[in-house]
Amino acid sequence: MLSHFGVVHLTKLKYGEKAVVTAIRLGFNARKKLLTYGISLGTIVKMEYSPSFSSLVNINIQGKSFCIRKLDAKNIEVIKYSIV
Amino acid sequence: MNKIALVGKPNSGKSSLFNLLTGLNQKVGNYSGVTVEKKSGYLNKIEITDLPGLNSLWADTVEEQISQSYILNLIHDETPAVLVCNANHLRDNLVLFSEVADLQIPMILVINFMDELKNSNSSIDIKALEARLGCPVCLMNSKKGTGLDTIKQLIQSNGFKVPNSFCRSSYDVFSQDVLTNKYVSNLLTNEQELTEDKLAMIEKDFAQREMLVSKILSGGILIYDEINDKLRKRTSQLDKILLHPFWGIIIFLAIMFLVFQAVFSFSTYPMDWIDQLFAWLSGLVNDKIQSSWFSDLISDGILPGLAGVMIFIPQIAILFFLLGILENTGYLSRISNISDAFLQSFGLSGKSVIPLMSSWACAIPAIMSTRTIDDQRERLSVIFAAPLMTCSARLPVYTILIAVLVPEEDIGVFGLRGLILLMLYLLGLASTLIIAYIVSRKSQYKSTGLWTLEMPNYRSPNWRNVFYNMYLKTRSFVVEAGKVIFTISIVLWFLATNSPKNEAFFQTKYQEYQQLSSNTDISMDAVRLEYSYAGYLGKIVEPAIKPLGYDWKIGIALISSFAAREVFVGTLSTIYSVGSEDEQPVIERLKKEVNIKTGLPRYDTATNVSLLLFYVFALQCMSTLAVVRKETGHWKFAFMQFFVFTLIAYVFAFAAYQIIK
């Protein structure tokens, strides 16, 4: 359903793809924690690593790299972003 | 000014600056009521406190809340702060700077890892940045110590300045002719008070700060060349291998094997030297001081007590040296990444893998290393369950009991004894994970919710930090846990060497035993031990341990092995008057031991399996209890752990004995 509008879950991004955060469907405290890592609506995230066997996705925000669990990443919606 | 605080995000190089400023003139303790490490030291007469790393003043974790409360108190104390930034993430780090700057505290900004920024063809215009921020800005390379002199000079000459305000005016509220600033009161919003409106306010605050920081860094102040960021490129390339689904796991297992081998094997020689040194000192005391209770106290009580503390130093030092290297190079985060999926099923995370694997060598350094776990619930689960992993001290006990239990036979290419040993290791691992899962489910602590793991760039280790960390961790063990281990050792020595009976009684008993059992070599030491306080305790506990298949002799060995599990072997050799602590004579003696009532072997299959299971689960290690108390801050947790493990051990040993018998 989401893909009709070009919106996907964060976990669906491939290595090196960039996307803009459009929705965060997590609790208040989780959203506050993401904020301190620089993630809020409109933030550009870059997928660094998300192997299928792993429970984590590795993303990059402004050159800073960190992991969150796929379970949480599925609640973050993004729209792929590219400059042409 | 007589004190300052060091503030910064995790991995900003804050502790490196702290080590450079204070040297080994450091005190490590805990903040009151919590087990978050408090580090303070001195630069001449100025006290420097290294605060736990925090991502934002909108605190989330326990560490962040401690740092937040300390920083907010700086306003009243008029204490200045040094904020350390990572040059590679300057934009992100300056958001934290802006939050602290709005408290109007005098500050110095230190930008670390300048060498890495230069290598990436990026640059920072310091003079212009200083003018825009309104406080002194220093550059530093913490690995080489470059820029340290300027920082020291600024601190000692009180060169701190209150920076320009960022968003402070947004918190001004005008009511009843008074203008009140609500910035600090807003920062103190706790988890329960967080509402949609509050979150929207925090989001607005961040957006505003990010915009202002971008504005400050614009106009050529920060030139960041993303395309030529060599460090980031190298990290991405290495991650492709080190986080690879196949090669990543192979490398992880190989590195873990090396760490485990190092802690397990490399420490053998220094541990033997410490053991021999104290044995030599005991001998010296016996030779030089006339035999009395005092010489006994020194040679058999105090010196073995000290040896019981010192013997762990090689394992602790080696583990923390290797952990320091893994942490400094950035690989520790990759280990957590790789192992997270497996451990998540047991209520743990990848951050638990190092403490759990280290427990195979020794639970003491393993429990100390749980400080890398930021989730309090997970940390306590690991501290609780880790002693169930098969530590090296269980090996001598297992070796002897397995040798008595089964003959030296092979099943295919595998030795039977080796297979049983492997099963005991697997039983230890399985029970650790199950107990960790239960504790994590039952814990009163709430999980932090969103689990995050920072993935720092790979870099060569900062050796100064590695050695300082190793030294401070070892020192804290010797000073804090050492006191408890030493005291209990003395108590156990007293119980084993003192008796309500006199020498004439021992002589009579000795003669009686010799007449009764002409085929057994009974020694005076065995008689003394039987009628010592420990011996009486063994007899007192005999009714309780009888259903497990044990007699009072095993009871004494169980009590004395509370000092350390391996003491079980030494005690048995004394009780059975083997006169040697080598394994083979003890094994032969145990095989020959007969139950007087039944005429059957004393160490039959049922008793042996029961004893093996008892040692798999029982927390027979006072040093572990002392470290658990040190790390959790109270005895309650340690006693509960002791009680639960003893109960599990009892139930399993009882069931095994009753079924097999």
# chains A, B, ... in the order shown; residues from 1 in each chain; ligands from 1

$ interface_residues --of "chain A" --to "chain B" --cutoff "8 Å" --atoms "only C-alpha atoms" --output "MDAnalysis selection string"
chainID A and resid 28:30 32:33 35:38 40 48 51 53:56 62:69 72

$ write_last_selection --atoms "N, CA and C atoms" --output "mmCIF file, in the first residue's frame"
data_model
loop_
_atom_site.group_PDB
_atom_site.id
_atom_site.type_symbol
_atom_site.label_atom_id
_atom_site.label_comp_id
_atom_site.auth_asym_id
_atom_site.auth_seq_id
_atom_site.Cartn_x
_atom_site.Cartn_y
_atom_site.Cartn_z
ATOM 1 N N PHE A 28 6.548 8.072 22.212
ATOM 2 C CA PHE A 28 7.170 9.381 22.457
ATOM 3 C C PHE A 28 8.650 9.271 22.814
ATOM 4 N N ASN A 29 8.945 8.329 23.736
ATOM 5 C CA ASN A 29 10.342 8.233 24.198
ATOM 6 C C ASN A 29 11.271 7.784 23.090
ATOM 7 N N ALA A 30 10.797 6.847 22.259
ATOM 8 C CA ALA A 30 11.613 6.384 21.141
ATOM 9 C C ALA A 30 11.843 7.520 20.156
ATOM 10 N N LYS A 32 11.835 10.661 20.875
ATOM 11 C CA LYS A 32 12.765 11.632 21.496
ATOM 12 C C LYS A 32 14.201 11.136 21.354
ATOM 13 N N LYS A 33 14.383 9.828 21.549
ATOM 14 C CA LYS A 33 15.737 9.272 21.430
ATOM 15 C C LYS A 33 16.248 9.417 19.990
ATOM 16 N N LEU A 35 15.443 11.667 17.938
ATOM 17 C CA LEU A 35 15.768 13.086 17.751
ATOM 18 C C LEU A 35 17.206 13.389 18.167
ATOM 19 N N THR A 36 17.608 12.798 19.313
ATOM 20 C CA THR A 36 18.965 13.063 19.807
ATOM 21 C C THR A 36 20.023 12.453 18.879
ATOM 22 N N TYR A 37 19.602 11.496 18.059
ATOM 23 C CA TYR A 37 20.514 10.939 17.052
ATOM 24 C C TYR A 37 20.369 11.691 15.723
ATOM 25 N N GLY A 38 19.524 12.693 15.721
ATOM 26 C CA GLY A 38 19.378 13.535 14.521
ATOM 27 C C GLY A 38 18.297 13.069 13.566
ATOM 28 N N SER A 40 14.425 13.056 12.581
ATOM 29 C CA SER A 40 13.062 13.577 12.746
ATOM 30 C C SER A 40 12.458 13.662 11.351
ATOM 31 N N GLU A 48 23.318 2.101 5.109
ATOM 32 C CA GLU A 48 24.709 1.636 5.005
ATOM 33 C C GLU A 48 24.781 0.123 4.879
ATOM 34 N N PRO A 51 21.924 -6.519 6.208
ATOM 35 C CA PRO A 51 21.905 -7.896 5.730
ATOM 36 C C PRO A 51 20.682 -8.662 6.239
ATOM 37 N N PHE A 53 20.293 -11.628 7.408
ATOM 38 C CA PHE A 53 20.439 -12.459 8.613
ATOM 39 C C PHE A 53 20.444 -11.623 9.890
ATOM 40 N N SER A 54 20.733 -10.314 9.727
ATOM 41 C CA SER A 54 20.919 -9.478 10.911
ATOM 42 C C SER A 54 19.589 -8.935 11.424
ATOM 43 N N SER A 55 19.573 -8.613 12.720
ATOM 44 C CA SER A 55 18.370 -8.034 13.316
ATOM 45 C C SER A 55 18.412 -6.510 13.233
ATOM 46 N N LEU A 56 19.510 -5.983 12.647
ATOM 47 C CA LEU A 56 19.724 -4.534 12.675
ATOM 48 C C LEU A 56 19.820 -3.913 11.289
ATOM 49 N N GLN A 62 24.111 12.436 8.365
ATOM 50 C CA GLN A 62 25.150 13.484 8.318
ATOM 51 C C GLN A 62 26.529 12.947 8.675
ATOM 52 N N GLY A 63 26.882 11.803 8.123
ATOM 53 C CA GLY A 63 28.226 11.248 8.329
ATOM 54 C C GLY A 63 28.366 10.404 9.587
ATOM 55 N N LYS A 64 27.314 10.382 10.416
ATOM 56 C CA LYS A 64 27.380 9.593 11.652
ATOM 57 C C LYS A 64 26.608 8.296 11.452
ATOM 58 N N SER A 65 27.280 7.179 11.769
ATOM 59 C CA SER A 65 26.703 5.882 11.463
ATOM 60 C C SER A 65 26.213 5.189 12.734
ATOM 61 N N PHE A 66 25.013 4.636 12.704
ATOM 62 C CA PHE A 66 24.539 3.858 13.842
ATOM 63 C C PHE A 66 23.472 2.851 13.427
ATOM 64 N N CYS A 67 23.202 1.900 14.333
ATOM 65 C CA CYS A 67 22.249 0.824 14.033
ATOM 66 C C CYS A 67 20.996 0.988 14.886
ATOM 67 N N ILE A 68 19.882 0.604 14.287
ATOM 68 C CA ILE A 68 18.662 0.405 15.086
ATOM 69 C C ILE A 68 18.106 -0.959 14.695
ATOM 70 N N ARG A 69 17.208 -1.471 15.502
ATOM 71 C CA ARG A 69 16.668 -2.798 15.209
ATOM 72 C C ARG A 69 15.652 -2.706 14.063
ATOM 73 N N ASP A 72 12.130 -1.761 14.936
ATOM 74 C CA ASP A 72 11.849 -0.328 15.075
ATOM 75 C C ASP A 72 11.888 0.362 13.717
#

$ residues_around --residues "range 126-128 of chain B" --least-positions-apart "4" --cutoff "12 Å" --atoms "only C-alpha atoms" --output "PDB file with all heavy atoms, in the first residue's frame"
ATOM      1  N   ALA B  87      35.562  15.975  15.478  1.00  0.00           N
ATOM      2  CA  ALA B  87      35.662  16.800  14.263  1.00  0.00           C
ATOM      3  C   ALA B  87      34.916  16.181  13.088  1.00  0.00           C
ATOM      4  O   ALA B  87      34.414  16.898  12.221  1.00  0.00           O
ATOM      5  CB  ALA B  87      37.132  16.982  13.904  1.00  0.00           C
ATOM      6  N   LEU B 109      35.457  25.065  23.895  1.00  0.00           N
ATOM      7  CA  LEU B 109      35.110  23.982  22.972  1.00  0.00           C
ATOM      8  C   LEU B 109      36.405  23.354  22.461  1.00  0.00           C
ATOM      9  O   LEU B 109      37.292  24.055  21.965  1.00  0.00           O
ATOM     10  CB  LEU B 109      34.296  24.535  21.792  1.00  0.00           C
ATOM     11  CG  LEU B 109      33.966  23.530  20.684  1.00  0.00           C
ATOM     12  CD1 LEU B 109      32.980  22.473  21.176  1.00  0.00           C
ATOM     13  CD2 LEU B 109      33.369  24.234  19.471  1.00  0.00           C
ATOM     14  N   VAL B 110      36.534  22.033  22.625  1.00  0.00           N
ATOM     15  CA  VAL B 110      37.716  21.322  22.124  1.00  0.00           C
ATOM     16  C   VAL B 110      37.279  20.425  20.964  1.00  0.00           C
ATOM     17  O   VAL B 110      36.355  19.624  21.110  1.00  0.00           O
ATOM     18  CB  VAL B 110      38.358  20.454  23.245  1.00  0.00           C
ATOM     19  CG1 VAL B 110      39.463  19.573  22.684  1.00  0.00           C
ATOM     20  CG2 VAL B 110      38.901  21.333  24.355  1.00  0.00           C
ATOM     21  N   ILE B 111      37.919  20.601  19.824  1.00  0.00           N
ATOM     22  CA  ILE B 111      37.575  19.768  18.656  1.00  0.00           C
ATOM     23  C   ILE B 111      38.659  18.709  18.484  1.00  0.00           C
ATOM     24  O   ILE B 111      39.818  19.018  18.205  1.00  0.00           O
ATOM     25  CB  ILE B 111      37.415  20.640  17.385  1.00  0.00           C
ATOM     26  CG1 ILE B 111      36.312  21.686  17.616  1.00  0.00           C
ATOM     27  CG2 ILE B 111      37.060  19.762  16.194  1.00  0.00           C
ATOM     28  CD1 ILE B 111      36.127  22.674  16.482  1.00  0.00           C
ATOM     29  N   MET B 114      41.356  16.115  14.844  1.00  0.00           N
ATOM     30  CA  MET B 114      41.653  17.056  13.760  1.00  0.00           C
ATOM     31  C   MET B 114      42.469  16.410  12.650  1.00  0.00           C
ATOM     32  O   MET B 114      42.343  16.760  11.480  1.00  0.00           O
ATOM     33  CB  MET B 114      42.421  18.266  14.317  1.00  0.00           C
ATOM     34  CG  MET B 114      41.551  19.361  14.813  1.00  0.00           C
ATOM     35  SD  MET B 114      40.213  19.797  13.700  1.00  0.00           S
ATOM     36  CE  MET B 114      41.103  20.409  12.290  1.00  0.00           C
ATOM     37  N   ARG B 132      32.002  33.346  16.092  1.00  0.00           N
ATOM     38  CA  ARG B 132      30.548  33.094  16.003  1.00  0.00           C
ATOM     39  C   ARG B 132      29.990  32.426  17.262  1.00  0.00           C
ATOM     40  O   ARG B 132      28.844  32.653  17.637  1.00  0.00           O
ATOM     41  CB  ARG B 132      30.232  32.223  14.789  1.00  0.00           C
ATOM     42  CG  ARG B 132      30.422  33.000  13.497  1.00  0.00           C
ATOM     43  CD  ARG B 132      29.869  32.264  12.312  1.00  0.00           C
ATOM     44  NE  ARG B 132      30.168  33.021  11.094  1.00  0.00           N
ATOM     45  CZ  ARG B 132      29.820  32.642   9.878  1.00  0.00           C
ATOM     46  NH1 ARG B 132      29.150  31.520   9.724  1.00  0.00           N
ATOM     47  NH2 ARG B 132      30.122  33.374   8.833  1.00  0.00           N
ATOM     48  N   LEU B 133      30.799  31.566  17.910  1.00  0.00           N
ATOM     49  CA  LEU B 133      30.309  30.870  19.119  1.00  0.00           C
ATOM     50  C   LEU B 133      30.448  31.744  20.370  1.00  0.00           C
ATOM     51  O   LEU B 133      29.678  31.601  21.311  1.00  0.00           O
ATOM     52  CB  LEU B 133      31.062  29.553  19.336  1.00  0.00           C
ATOM     53  CG  LEU B 133      30.862  28.458  18.296  1.00  0.00           C
ATOM     54  CD1 LEU B 133      31.722  27.238  18.638  1.00  0.00           C
ATOM     55  CD2 LEU B 133      29.404  28.024  18.204  1.00  0.00           C
ATOM     56  N   GLY B 134      31.450  32.582  20.375  1.00  0.00           N
ATOM     57  CA  GLY B 134      31.644  33.479  21.524  1.00  0.00           C
ATOM     58  C   GLY B 134      32.433  32.866  22.659  1.00  0.00           C
ATOM     59  O   GLY B 134      32.421  33.375  23.779  1.00  0.00           O
ATOM     60  N   CYS B 135      33.104  31.737  22.424  1.00  0.00           N
ATOM     61  CA  CYS B 135      33.956  31.138  23.470  1.00  0.00           C
ATOM     62  C   CYS B 135      35.208  30.544  22.820  1.00  0.00           C
ATOM     63  O   CYS B 135      35.210  30.311  21.608  1.00  0.00           O
ATOM     64  CB  CYS B 135      33.183  30.094  24.268  1.00  0.00           C
ATOM     65  SG  CYS B 135      33.024  28.520  23.455  1.00  0.00           S
ATOM     66  N   PRO B 136      36.276  30.300  23.605  1.00  0.00           N
ATOM     67  CA  PRO B 136      37.508  29.765  23.000  1.00  0.00           C
ATOM     68  C   PRO B 136      37.296  28.395  22.359  1.00  0.00           C
ATOM     69  O   PRO B 136      36.549  27.569  22.881  1.00  0.00           O
ATOM     70  CB  PRO B 136      38.471  29.645  24.185  1.00  0.00           C
ATOM     71  CG  PRO B 136      37.905  30.471  25.252  1.00  0.00           C
ATOM     72  CD  PRO B 136      36.432  30.508  25.046  1.00  0.00           C
ATOM     73  N   VAL B 137      37.944  28.177  21.213  1.00  0.00           N
ATOM     74  CA  VAL B 137      37.866  26.887  20.518  1.00  0.00           C
ATOM     75  C   VAL B 137      39.294  26.369  20.344  1.00  0.00           C
ATOM     76  O   VAL B 137      40.176  27.108  19.906  1.00  0.00           O
ATOM     77  CB  VAL B 137      37.187  27.037  19.130  1.00  0.00           C
ATOM     78  CG1 VAL B 137      37.142  25.688  18.402  1.00  0.00           C
ATOM     79  CG2 VAL B 137      35.779  27.600  19.265  1.00  0.00           C
ATOM     80  N   CYS B 138      39.547  25.134  20.735  1.00  0.00           N
ATOM     81  CA  CYS B 138      40.885  24.539  20.601  1.00  0.00           C
ATOM     82  C   CYS B 138      40.810  23.296  19.726  1.00  0.00           C
ATOM     83  O   CYS B 138      39.813  22.590  19.749  1.00  0.00           O
ATOM     84  CB  CYS B 138      41.436  24.095  21.951  1.00  0.00           C
ATOM     85  SG  CYS B 138      41.476  25.355  23.171  1.00  0.00           S
ATOM     86  N   LEU B 139      41.899  23.036  19.029  1.00  0.00           N
ATOM     87  CA  LEU B 139      41.991  21.822  18.230  1.00  0.00           C
ATOM     88  C   LEU B 139      42.829  20.800  18.972  1.00  0.00           C
ATOM     89  O   LEU B 139      43.760  21.159  19.686  1.00  0.00           O
ATOM     90  CB  LEU B 139      42.628  22.120  16.877  1.00  0.00           C
ATOM     91  CG  LEU B 139      41.874  23.103  15.981  1.00  0.00           C
ATOM     92  CD1 LEU B 139      42.627  23.327  14.700  1.00  0.00           C
ATOM     93  CD2 LEU B 139      40.476  22.589  15.688  1.00  0.00           C
ATOM     94  N   MET B 140      42.506  19.530  18.796  1.00  0.00           N
ATOM     95  CA  MET B 140      43.265  18.508  19.512  1.00  0.00           C
ATOM     96  C   MET B 140      43.383  17.230  18.686  1.00  0.00           C
ATOM     97  O   MET B 140      42.477  16.867  17.939  1.00  0.00           O
ATOM     98  CB  MET B 140      42.566  18.192  20.834  1.00  0.00           C
ATOM     99  CG  MET B 140      43.311  17.178  21.684  1.00  0.00           C
ATOM    100  SD  MET B 140      42.552  16.893  23.286  1.00  0.00           S
ATOM    101  CE  MET B 140      41.234  15.813  22.878  1.00  0.00           C
ATOM    102  N   ILE B 216      25.922  28.778  11.428  1.00  0.00           N
ATOM    103  CA  ILE B 216      27.244  29.081  11.999  1.00  0.00           C
ATOM    104  C   ILE B 216      28.356  28.470  11.147  1.00  0.00           C
ATOM    105  O   ILE B 216      29.394  29.088  10.922  1.00  0.00           O
ATOM    106  CB  ILE B 216      27.318  28.590  13.466  1.00  0.00           C
ATOM    107  CG1 ILE B 216      26.549  29.561  14.354  1.00  0.00           C
ATOM    108  CG2 ILE B 216      28.752  28.435  13.956  1.00  0.00           C
ATOM    109  CD1 ILE B 216      26.394  29.119  15.775  1.00  0.00           C
ATOM    110  N   LEU B 217      28.103  27.253  10.674  1.00  0.00           N
ATOM    111  CA  LEU B 217      29.161  26.556   9.926  1.00  0.00           C
ATOM    112  C   LEU B 217      29.189  26.948   8.447  1.00  0.00           C
ATOM    113  O   LEU B 217      30.050  26.485   7.700  1.00  0.00           O
ATOM    114  CB  LEU B 217      28.982  25.036  10.052  1.00  0.00           C
ATOM    115  CG  LEU B 217      29.181  24.456  11.458  1.00  0.00           C
ATOM    116  CD1 LEU B 217      28.884  22.966  11.474  1.00  0.00           C
ATOM    117  CD2 LEU B 217      30.599  24.700  11.963  1.00  0.00           C
ATOM    118  N   SER B 218      28.251  27.800   8.040  1.00  0.00           N
ATOM    119  CA  SER B 218      28.210  28.193   6.617  1.00  0.00           C
ATOM    120  C   SER B 218      29.293  29.246   6.329  1.00  0.00           C
ATOM    121  O   SER B 218      29.984  29.707   7.242  1.00  0.00           O
ATOM    122  CB  SER B 218      26.829  28.740   6.276  1.00  0.00           C
ATOM    123  OG  SER B 218      26.621  29.921   7.020  1.00  0.00           O
ATOM    124  N   GLY B 219      29.421  29.590   5.091  1.00  0.00           N
ATOM    125  CA  GLY B 219      30.384  30.636   4.704  1.00  0.00           C
ATOM    126  C   GLY B 219      31.820  30.166   4.821  1.00  0.00           C
ATOM    127  O   GLY B 219      32.712  30.960   5.134  1.00  0.00           O
ATOM    128  N   GLY B 220      32.051  28.904   4.624  1.00  0.00           N
ATOM    129  CA  GLY B 220      33.422  28.377   4.575  1.00  0.00           C
ATOM    130  C   GLY B 220      34.035  28.041   5.923  1.00  0.00           C
ATOM    131  O   GLY B 220      35.213  27.719   6.015  1.00  0.00           O
ATOM    132  N   ILE B 221      33.256  28.130   7.009  1.00  0.00           N
ATOM    133  CA  ILE B 221      33.822  27.787   8.332  1.00  0.00           C
ATOM    134  C   ILE B 221      34.120  26.293   8.396  1.00  0.00           C
ATOM    135  O   ILE B 221      35.183  25.872   8.835  1.00  0.00           O
ATOM    136  CB  ILE B 221      32.886  28.252   9.465  1.00  0.00           C
ATOM    137  CG1 ILE B 221      32.984  29.762   9.558  1.00  0.00           C
ATOM    138  CG2 ILE B 221      33.259  27.592  10.790  1.00  0.00           C
ATOM    139  CD1 ILE B 221      32.383  30.380  10.762  1.00  0.00           C
ATOM    140  N   LEU B 222      33.165  25.453   7.937  1.00  0.00           N
ATOM    141  CA  LEU B 222      33.433  24.015   7.847  1.00  0.00           C
ATOM    142  C   LEU B 222      33.393  23.608   6.387  1.00  0.00           C
ATOM    143  O   LEU B 222      32.377  23.775   5.706  1.00  0.00           O
ATOM    144  CB  LEU B 222      32.378  23.208   8.621  1.00  0.00           C
ATOM    145  CG  LEU B 222      32.445  21.692   8.426  1.00  0.00           C
ATOM    146  CD1 LEU B 222      33.702  21.106   9.069  1.00  0.00           C
ATOM    147  CD2 LEU B 222      31.217  21.004   9.010  1.00  0.00           C
ATOM    148  N   ILE B 223      34.531  23.117   5.911  1.00  0.00           N
ATOM    149  CA  ILE B 223      34.553  22.563   4.548  1.00  0.00           C
ATOM    150  C   ILE B 223      34.680  21.060   4.713  1.00  0.00           C
ATOM    151  O   ILE B 223      35.701  20.551   5.193  1.00  0.00           O
ATOM    152  CB  ILE B 223      35.724  23.148   3.714  1.00  0.00           C
ATOM    153  CG1 ILE B 223      35.541  24.661   3.609  1.00  0.00           C
ATOM    154  CG2 ILE B 223      35.785  22.499   2.337  1.00  0.00           C
ATOM    155  CD1 ILE B 223      36.742  25.390   3.082  1.00  0.00           C
TER     156      ILE B 223
END

$ residues_around --residues "Leu422 in chain B" --least-positions-apart "5" --cutoff "12 Å" --atoms "only C-alpha atoms" --output "list in words"
Thr390, Leu395, Tyr398, Thr399, Ile402, Phe414, Gly415, Leu416, Arg417, Leu427, Gly428 and Leu429 of chain B

$ select_by_dssp --residues "chain A" --states "helix (DSSP H, G or I)" --output "list of chain:residue names"
A:Leu2, A:Ser3, A:His4, A:Phe5, A:Leu10, A:Thr11, A:Lys12, A:Phe28, A:Asn29, A:Ala30, A:Arg31, A:Lys32, A:Lys33, A:Leu34, A:Leu35, A:Thr36, A:Lys70, A:Leu71, A:Asp72, A:Ala73

$ atom_distance --atom1 "CA of Asn181 in chain B" --atom2 "CA of Leu94 in chain B"
22.1 Å

$ closest_residue --among "B:Pro461, B:Gly570, B:Gly8, B:Gly23" --to "Glu99 in chain B" --atoms "only C-alpha atoms"
B:Gly8

$ closest_residue --among "A:Arg25, A:Lys18, A:Lys74, A:Lys12" --to "Thr43 in chain A" --atoms "only C-alpha atoms"
A:Lys18

$ residues_around --residues "Asn608 in chain B" --least-positions-apart "4" --cutoff "8 Å" --atoms "only C-alpha atoms" --output "PyMOL selection string"
chain B and resi 401-402+404-405+603-604+612

$ residues_around --residues "Ala544 in chain B" --least-positions-apart "5" --cutoff "10 Å" --atoms "only C-alpha atoms" --output "VMD selection string"
chain B and resid 539 550 to 551 555 650

$ write_last_selection --atoms "N, CA, C and O atoms" --output "PDB file, in the first residue's frame"
ATOM      1  N   LYS B 539      29.525 -31.642  59.289  1.00  0.00           N
ATOM      2  CA  LYS B 539      28.630 -32.624  59.926  1.00  0.00           C
ATOM      3  C   LYS B 539      27.242 -32.031  60.173  1.00  0.00           C
ATOM      4  O   LYS B 539      26.236 -32.737  60.105  1.00  0.00           O
ATOM      5  N   TYR B 550      25.689 -37.017  49.454  1.00  0.00           N
ATOM      6  CA  TYR B 550      26.972 -36.561  49.996  1.00  0.00           C
ATOM      7  C   TYR B 550      27.070 -36.888  51.486  1.00  0.00           C
ATOM      8  O   TYR B 550      26.061 -36.924  52.193  1.00  0.00           O
ATOM      9  N   ASP B 551      28.325 -37.085  51.972  1.00  0.00           N
ATOM     10  CA  ASP B 551      28.537 -37.250  53.408  1.00  0.00           C
ATOM     11  C   ASP B 551      29.204 -35.992  53.959  1.00  0.00           C
ATOM     12  O   ASP B 551      29.410 -35.018  53.235  1.00  0.00           O
ATOM     13  N   GLY B 555      30.744 -32.480  52.466  1.00  0.00           N
ATOM     14  CA  GLY B 555      30.211 -31.245  53.051  1.00  0.00           C
ATOM     15  C   GLY B 555      31.335 -30.246  53.349  1.00  0.00           C
ATOM     16  O   GLY B 555      31.218 -29.056  53.047  1.00  0.00           O
ATOM     17  N   TYR B 650      20.711 -27.545  44.113  1.00  0.00           N
ATOM     18  CA  TYR B 650      20.194 -28.563  45.034  1.00  0.00           C
ATOM     19  C   TYR B 650      19.140 -29.424  44.354  1.00  0.00           C
ATOM     20  O   TYR B 650      19.182 -30.650  44.428  1.00  0.00           O
TER      21      TYR B 650
END

$ residues_around --residues "Leu613 in chain B" --least-positions-apart "4" --cutoff "12 Å" --atoms "only C-alpha atoms" --output "VMD selection string"
chain B and resid 388 390 394 397 to 398 401 to 402 420 to 421 423 to 425 427 to 428 431 548 606 to 609 617 to 619 645 to 657

$ write_last_selection --atoms "C-alpha atoms" --output "PDB file, in the first residue's frame"
ATOM      1  CA  LEU B 388      26.485 -20.107  35.173  1.00  0.00           C
ATOM      2  CA  THR B 390      31.593 -22.792  32.827  1.00  0.00           C
ATOM      3  CA  ARG B 394      35.196 -25.486  37.490  1.00  0.00           C
ATOM      4  CA  VAL B 397      36.461 -30.211  39.741  1.00  0.00           C
ATOM      5  CA  TYR B 398      34.948 -31.530  36.497  1.00  0.00           C
ATOM      6  CA  LEU B 401      34.711 -36.162  38.955  1.00  0.00           C
ATOM      7  CA  ILE B 402      34.505 -37.175  35.273  1.00  0.00           C
ATOM      8  CA  ILE B 420      30.884 -35.316  28.986  1.00  0.00           C
ATOM      9  CA  LEU B 421      32.950 -32.191  29.557  1.00  0.00           C
ATOM     10  CA  MET B 423      27.954 -31.516  27.626  1.00  0.00           C
ATOM     11  CA  LEU B 424      28.679 -29.719  30.903  1.00  0.00           C
ATOM     12  CA  TYR B 425      29.864 -26.640  28.971  1.00  0.00           C
ATOM     13  CA  LEU B 427      24.530 -27.176  29.937  1.00  0.00           C
ATOM     14  CA  GLY B 428      26.214 -24.099  31.461  1.00  0.00           C
ATOM     15  CA  SER B 431      21.164 -22.452  31.607  1.00  0.00           C
ATOM     16  CA  LEU B 548      22.070 -35.500  47.293  1.00  0.00           C
ATOM     17  CA  ALA B 606      24.643 -41.231  41.269  1.00  0.00           C
ATOM     18  CA  THR B 607      26.859 -39.234  43.668  1.00  0.00           C
ATOM     19  CA  ASN B 608      29.222 -38.175  40.892  1.00  0.00           C
ATOM     20  CA  VAL B 609      26.485 -36.967  38.544  1.00  0.00           C
ATOM     21  CA  PHE B 617      24.674 -24.466  38.977  1.00  0.00           C
ATOM     22  CA  ALA B 618      25.968 -23.539  42.458  1.00  0.00           C
ATOM     23  CA  LEU B 619      27.560 -20.118  42.970  1.00  0.00           C
ATOM     24  CA  PHE B 645      21.698 -20.774  42.199  1.00  0.00           C
ATOM     25  CA  THR B 646      22.114 -22.919  45.316  1.00  0.00           C
ATOM     26  CA  LEU B 647      18.434 -23.848  45.134  1.00  0.00           C
ATOM     27  CA  ILE B 648      18.674 -24.796  41.430  1.00  0.00           C
ATOM     28  CA  ALA B 649      21.880 -26.754  42.135  1.00  0.00           C
ATOM     29  CA  TYR B 650      20.194 -28.563  45.034  1.00  0.00           C
ATOM     30  CA  VAL B 651      17.100 -29.480  43.012  1.00  0.00           C
ATOM     31  CA  PHE B 652      19.098 -30.797  40.050  1.00  0.00           C
ATOM     32  CA  ALA B 653      21.599 -32.682  42.233  1.00  0.00           C
ATOM     33  CA  PHE B 654      18.762 -34.158  44.302  1.00  0.00           C
ATOM     34  CA  ALA B 655      16.792 -35.252  41.217  1.00  0.00           C
ATOM     35  CA  ALA B 656      19.890 -36.756  39.591  1.00  0.00           C
ATOM     36  CA  TYR B 657      20.888 -38.708  42.714  1.00  0.00           C
TER      37      TYR B 657
END
